[in-house]
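Undergrad: This is the structure I have questions about; it appears just below.
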Amino acid sequence: MGLSLRDTLIDQPAKRPQSRARLEPLPSILKVAILGFGTVGRAVAELLCCSPALPLRLTHIYNRNVDRKRVPWIPSRVRWTDNFDEILASDVDVIVELVGGVRPAGDWVRRALHAGKSVVTANKHLIATEGDELLELARKTGQRLEYGASVAGGVPVLCGLEQGLAGEHLFRLTGVLNGTCNYILSKMENEAVSFRDALARAQEMGYTEADPSHDLGGFDASCKLAILARVGLGAQLNPQDVYSRSIEGVEAVDFEYARKLGCTIRQVAIAELKGTELYAAVQPTLVPLGSPLAQTRDNQNVLITAGVHGGETVFAGCGAGGGPTSVAIVSDLVSISRGPSFTGSHNPPELKSYPLNLDLESPRYLRLSVREGTNISDAVGRVLVESGVCVRSVLQKSDSGSTGSVLVMILESCPVSILEVALKRLKELIDCLASAVTLPIMS
Ligand SMILES: NC(=O)c1ccc[n+]([C@@H]2O[C@H](COP(=O)([O-])OP(=O)(O)OC[C@H]3O[C@@H](n4cnc5c(N)ncnc54)[C@H](OP(=O)(O)O)[C@@H]3O)[C@@H](O)[C@H]2O)c1
């Protein structure tokens, strides 16, 4: 926080842009309360406090045990409270929910809407699981519920889909949507460190949640994919139903083999309408080095949309962190201040339930490691052929050295169900199999 913030604080009256004043009646100043003064809440407060030209005024900050959260740069007229009812009873126009999680956040959003307050949230977990009901409640109560920051942080993907691509028939959304996984995978790629070391570094830097399993296992990206599928494809998607595989198990050596194939590894989320079915997956994937998916680093996110008429469109930028996320939040607040004609509410009128296809088909990378230096190439080849899996090429043959060995193959495209049966048979047959890593290869 630089000195300039205190100098430009919102105790001054907000200035309105001249050009807008000529076009339509002046907007009134929206009174804003922030729930949750953590990474994003703090950044939103900073942005509101140093943007006097915006028709937004921060009036309340709510957090449990709020006294330990106080900072001197918040104007003295802003009320700090740990009593949510005080905010509901106030004349606040919009509540910004930034506590995260489904409970109690969802109950607070409901109570806010019932009390005649609009809501802005960055909470993907809440929107992915209870968004339909909350949006319906917002419609019934005549309030706005905006969640542009819930996917890809500062990258305006939801309004890009909803407004910029409203005329397109989108059929596929492919993205790198989780900053933690991206940090870990790009660290492994660039510094050849192990998964454990990269995870430890992410934890030291404060990039991970206390329990990182939602990030690593794909649930966080599945929630974002569910929101994107709703807005971009008009499809219902429960994040629990997305086919997801953890990035745990990927090792530095996999990046070496990926590079030989002109690829790197990213956690890729994909939702695709194929005929009458919806295909939805989040998993570590080999992506070509030239693809925008491969170019993402650290906390960057990217989304590639594919449409029938306009082909592919790429959205990219900072997907996490207080600064970028606060921009998305304040942009939603500005949209609310402009009135109903400016809206979207990020929700198509009718959502369709497509049958899910989780039997994903693609060529795959397979790495098998054995504890002792047994040559397993022949046995593996036999099991794969018997199971209906064709080997396209062998990158590394296993041998009979004393320190264990590795077999790396590229497999022809086949449904994942067939591969899973083959892997099960391999585990039964080969006692010394230490690990089996399979990654789809994106063309
Ligand atoms: N961080 C990002 O880069 C990012 C990006 C996009 C979206 N988001 C989303 O933005 C939201 C906030 O994330 P964040 O990173 O700012 O989280 P955070 O740093 O953990 O902040 C959460 C804040 O809410 C408070 N809080 C939590 N539970 C509460 C409760 N039951 N009652 C009262 N206060 C409570 C916490 O207080 P304590 O200090 O007492 O715990 C903390 O101040 C989440 O939904 C997250 O998914 C975050």
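Residues are named by chain letter and number: chains run A, B, ... in the order of the structure tokens, numbers start at 1 in each chain, and ligands are numbered from 1 in the order shown.
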List all protein, DNA and RNA residues that have at least one atom no more than 7 Å from any atom of ligand 1, counting only C-alpha atoms and all ligand atoms, and write them as a VMD selection string.
TA: chain A and resid 35 to 41 63 to 65 98 to 101 104 122 to 124 149 to 153 319 to 322 325
Undergrad: With a distance cut-off of 8 Å and only C-alpha atoms, select the neighbouring residues of stretch 29-32 of chain A, excluding the residue or stretch itself and same-chain residues fewer than 3 positions from it, and output the selection as a ChimeraX atom specification.
TA: /A:14,55-60,91-96,337
Undergrad: Would you please extract all strand (DSSP E or B) residues from stretch 163-320 of chain A, as assigned by DSSP on the backbone, and give them as a PyMOL selection string?
TA: chain A and resi 170-176+235+243-244+263-274+277-288+300-307+311-318
Undergrad: At a cut-off of 12 Å, using only C-alpha atoms, what residues contact A:Ser362? Leave out same-chain residues fewer than 6 positions from it and give the result as a ChimeraX atom specification.
TA: /A:285-286,389-390,410-419,438-443
Undergrad: Produce a file of the selected residues containing N, CA and C atoms, as a CSV table (one decimal), in the first residue's frame.
TA:
chain,number,residue,atom,x,y,z
A,285,THR,N,-2.1,-33.2,-18.1
A,285,THR,CA,-2.2,-33.6,-19.5
A,285,THR,C,-0.9,-33.1,-20.2
A,286,LEU,N,-0.5,-33.9,-21.2
A,286,LEU,CA,0.6,-33.4,-22.0
A,286,LEU,C,0.0,-32.4,-23.1
A,389,VAL,N,-5.3,-52.4,-26.1
A,389,VAL,CA,-4.6,-51.1,-26.1
A,389,VAL,C,-3.4,-51.2,-27.1
A,390,CYS,N,-3.3,-50.3,-28.1
A,390,CYS,CA,-2.2,-50.4,-29.0
A,390,CYS,C,-1.1,-49.4,-28.7
A,410,ILE,N,4.1,-44.5,-25.6
A,410,ILE,CA,3.0,-43.7,-26.1
A,410,ILE,C,1.9,-44.7,-26.6
A,411,LEU,N,0.7,-44.5,-26.1
A,411,LEU,CA,-0.4,-45.4,-26.5
A,411,LEU,C,-1.3,-44.7,-27.5
A,412,GLU,N,-1.8,-45.5,-28.4
A,412,GLU,CA,-2.8,-45.0,-29.4
A,412,GLU,C,-4.1,-44.6,-28.6
A,413,SER,N,-4.9,-43.8,-29.2
A,413,SER,CA,-6.1,-43.4,-28.6
A,413,SER,C,-7.0,-44.5,-28.3
A,414,CYS,N,-7.5,-44.6,-27.0
A,414,CYS,CA,-8.4,-45.6,-26.6
A,414,CYS,C,-9.3,-45.0,-25.5
A,415,PRO,N,-10.5,-45.6,-25.2
A,415,PRO,CA,-11.3,-45.1,-24.1
A,415,PRO,C,-10.5,-45.4,-22.8
A,416,VAL,N,-10.7,-44.5,-21.8
A,416,VAL,CA,-10.0,-44.6,-20.5
A,416,VAL,C,-10.4,-45.9,-19.8
A,417,SER,N,-11.6,-46.3,-20.0
A,417,SER,CA,-12.1,-47.6,-19.3
A,417,SER,C,-11.3,-48.8,-19.7
A,418,ILE,N,-10.9,-48.8,-21.0
A,418,ILE,CA,-10.1,-50.0,-21.5
A,418,ILE,C,-8.7,-49.9,-20.9
A,419,LEU,N,-8.1,-48.7,-20.8
A,419,LEU,CA,-6.8,-48.5,-20.2
A,419,LEU,C,-6.8,-48.9,-18.8
A,438,THR,N,-0.3,-42.3,-16.1
A,438,THR,CA,-0.8,-42.2,-17.5
A,438,THR,C,-1.4,-40.8,-17.6
A,439,LEU,N,-1.0,-40.2,-18.7
A,439,LEU,CA,-1.4,-38.8,-19.0
A,439,LEU,C,-2.0,-38.7,-20.4
A,440,PRO,N,-3.1,-38.1,-20.6
A,440,PRO,CA,-3.6,-37.9,-21.9
A,440,PRO,C,-2.7,-36.9,-22.7
A,441,ILE,N,-2.7,-37.1,-24.0
A,441,ILE,CA,-1.9,-36.2,-24.8
A,441,ILE,C,-2.8,-35.4,-25.7
A,442,MET,N,-2.7,-34.1,-25.5
A,442,MET,CA,-3.6,-33.2,-26.3
A,442,MET,C,-3.0,-32.9,-27.6
A,443,SER,N,-3.8,-33.0,-28.6
A,443,SER,CA,-3.3,-32.8,-30.0
A,443,SER,C,-3.2,-31.3,-30.3
Undergrad: My list of candidates is A:Gln143, A:His125, A:Phe255, A:Ile376. Which is closest to A:His214 when distances are computed with only C-alpha atoms?
TA: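 Distance minimum relative to A:His214 lands on A:His125.
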Undergrad: Near A:Val71, within 12 Å and counting only C-alpha atoms, which residues show up once chain neighbours fewer than 2 positions away are dropped, as an mmCIF file with N, CA and C atoms, in the first residue's frame?
TA:
data_model
loop_
_atom_site.group_PDB
_atom_site.id
_atom_site.type_symbol
_atom_site.label_atom_id
_atom_site.label_comp_id
_atom_site.auth_asym_id
_atom_site.auth_seq_id
_atom_site.Cartn_x
_atom_site.Cartn_y
_atom_site.Cartn_z
ATOM 1 N N MET A 1 0.851 -1.189 0.000
ATOM 2 C CA MET A 1 0.000 0.000 0.000
ATOM 3 C C MET A 1 0.885 1.237 0.000
ATOM 4 N N ARG A 6 -3.683 6.817 1.050
ATOM 5 C CA ARG A 6 -4.233 7.684 2.090
ATOM 6 C C ARG A 6 -4.565 9.067 1.523
ATOM 7 N N PHE A 37 -12.005 -10.241 5.592
ATOM 8 C CA PHE A 37 -10.893 -9.330 5.334
ATOM 9 C C PHE A 37 -9.608 -10.150 5.258
ATOM 10 N N ARG A 42 -9.048 -7.709 1.568
ATOM 11 C CA ARG A 42 -8.132 -6.593 1.797
ATOM 12 C C ARG A 42 -7.829 -5.865 0.477
ATOM 13 N N ALA A 45 -10.757 -3.814 -0.591
ATOM 14 C CA ALA A 45 -10.830 -2.587 0.209
ATOM 15 C C ALA A 45 -9.818 -1.568 -0.309
ATOM 16 N N GLU A 46 -8.614 -2.036 -0.617
ATOM 17 C CA GLU A 46 -7.579 -1.125 -1.134
ATOM 18 C C GLU A 46 -8.029 -0.475 -2.432
ATOM 19 N N ILE A 61 -16.831 -3.360 7.052
ATOM 20 C CA ILE A 61 -15.964 -4.542 6.900
ATOM 21 C C ILE A 61 -16.325 -5.509 8.015
ATOM 22 N N VAL A 66 -12.879 -9.227 14.697
ATOM 23 C CA VAL A 66 -12.495 -8.209 13.708
ATOM 24 C C VAL A 66 -11.389 -7.277 14.196
ATOM 25 N N ASP A 67 -11.253 -7.122 15.513
ATOM 26 C CA ASP A 67 -10.288 -6.131 15.999
ATOM 27 C C ASP A 67 -8.858 -6.407 15.528
ATOM 28 N N ARG A 68 -8.528 -7.713 15.391
ATOM 29 C CA ARG A 68 -7.145 -8.026 14.972
ATOM 30 C C ARG A 68 -6.946 -7.733 13.490
ATOM 31 N N LYS A 69 -8.024 -7.411 12.768
ATOM 32 C CA LYS A 69 -7.914 -7.165 11.321
ATOM 33 C C LYS A 69 -7.751 -5.680 10.991
ATOM 34 N N TRP A 73 -5.113 2.346 7.222
ATOM 35 C CA TRP A 73 -5.390 3.044 5.964
ATOM 36 C C TRP A 73 -6.870 3.008 5.558
ATOM 37 N N ILE A 74 -7.687 2.304 6.320
ATOM 38 C CA ILE A 74 -9.135 2.322 6.029
ATOM 39 C C ILE A 74 -9.708 3.603 6.646
ATOM 40 N N PRO A 75 -10.499 4.371 5.880
ATOM 41 C CA PRO A 75 -11.038 5.627 6.413
ATOM 42 C C PRO A 75 -11.830 5.395 7.699
ATOM 43 N N SER A 76 -11.775 6.399 8.578
ATOM 44 C CA SER A 76 -12.363 6.205 9.902
ATOM 45 C C SER A 76 -13.881 6.031 9.830
ATOM 46 N N VAL A 78 -15.488 4.071 7.881
ATOM 47 C CA VAL A 78 -15.864 2.675 7.574
ATOM 48 C C VAL A 78 -16.037 1.931 8.893
ATOM 49 N N TRP A 80 -16.090 -1.297 11.208
ATOM 50 C CA TRP A 80 -15.573 -2.670 11.368
ATOM 51 C C TRP A 80 -16.536 -3.416 12.288
#
Undergrad: Taking only residues of stretch 285-386 of chain A that have an atom at most 7 Å from an atom of stretch 181-192 of chain A, what is each one's shortest atom pair and its distance in Å to one decimal, using only C-alpha atoms, in chain and number order, as a Markdown table?
TA:
| residue | atom | partner | partner_atom | distance |
| --- | --- | --- | --- | --- |
| A:Arg297 | CA | A:Ser186 | CA | 6.0 |
| A:Asp298 | CA | A:Tyr183 | CA | 4.0 |
| A:Asn299 | CA | A:Tyr183 | CA | 6.3 |
Undergrad: Grab the residues selected above and save them as a PDB file, in the first residue's frame with C-alpha atoms.
TA:
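Dumped everything to selection_2.pdb:
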ATOM      1  CA  ARG A 297       3.191 -19.823 -15.663  1.00  0.00           C
ATOM      2  CA  ASP A 298       2.679 -19.600 -11.900  1.00  0.00           C
ATOM      3  CA  ASN A 299      -0.658 -17.959 -11.080  1.00  0.00           C
TER       4      ASN A 299
END
Undergrad: For A:Leu173, which residue among A:Cys159, A:Leu225, A:Leu88, A:Leu134 is the nearest when counting only C-alpha atoms?
TA: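 Ranked by minimum distance to A:Leu173, first place goes to A:Leu225.
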Undergrad: A:Leu395, A:Leu273, A:Ile247, A:Val308: which is nearest A:Ala198, counting only C-alpha atoms?
TA: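 Selected residue with least distance to A:Ala198: A:Ile247.
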Undergrad: Which distance in Å separates atom CA of A:Thr305 and atom CA of A:Glu146, to one decimal?
TA: 21.5 Å
Undergrad: Rank nothing, just name the residue among A:Lys352, A:His309, A:Arg103, A:Arg201 nearest to A:Ala235, using only C-alpha atoms.
TA: A:Lys352
Undergrad: Which is closer to A:Leu48 than all the others in A:Leu429, A:Ile329, A:Ala112, A:Ala269, using only C-alpha atoms?
TA: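 Among A:Leu429, A:Ile329, A:Ala112, A:Ala269, it is A:Ile329 that comes nearest to A:Leu48.
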Undergrad: Would you work out the distance separating atom CA of A:Gln283 from atom CA of A:Ile270, expressed in Å to one decimal?
TA: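 Atom-to-atom, atom CA of A:Gln283 and atom CA of A:Ile270 are spaced 8.9 Å apart.
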Undergrad: Would you please work out which residue, of A:Ser369, A:Gln203, A:Ser377, A:Ser393, is nearest to A:Ala436 when using only C-alpha atoms?
TA: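 Ranked by minimum distance to A:Ala436, first place goes to A:Ser369.
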Undergrad: Please report, as a count of residues only, each residue of stretch 197-270 of chain A to which DSSP assigns helix (DSSP H, G or I) when run on this structure's backbone.
TA: 39
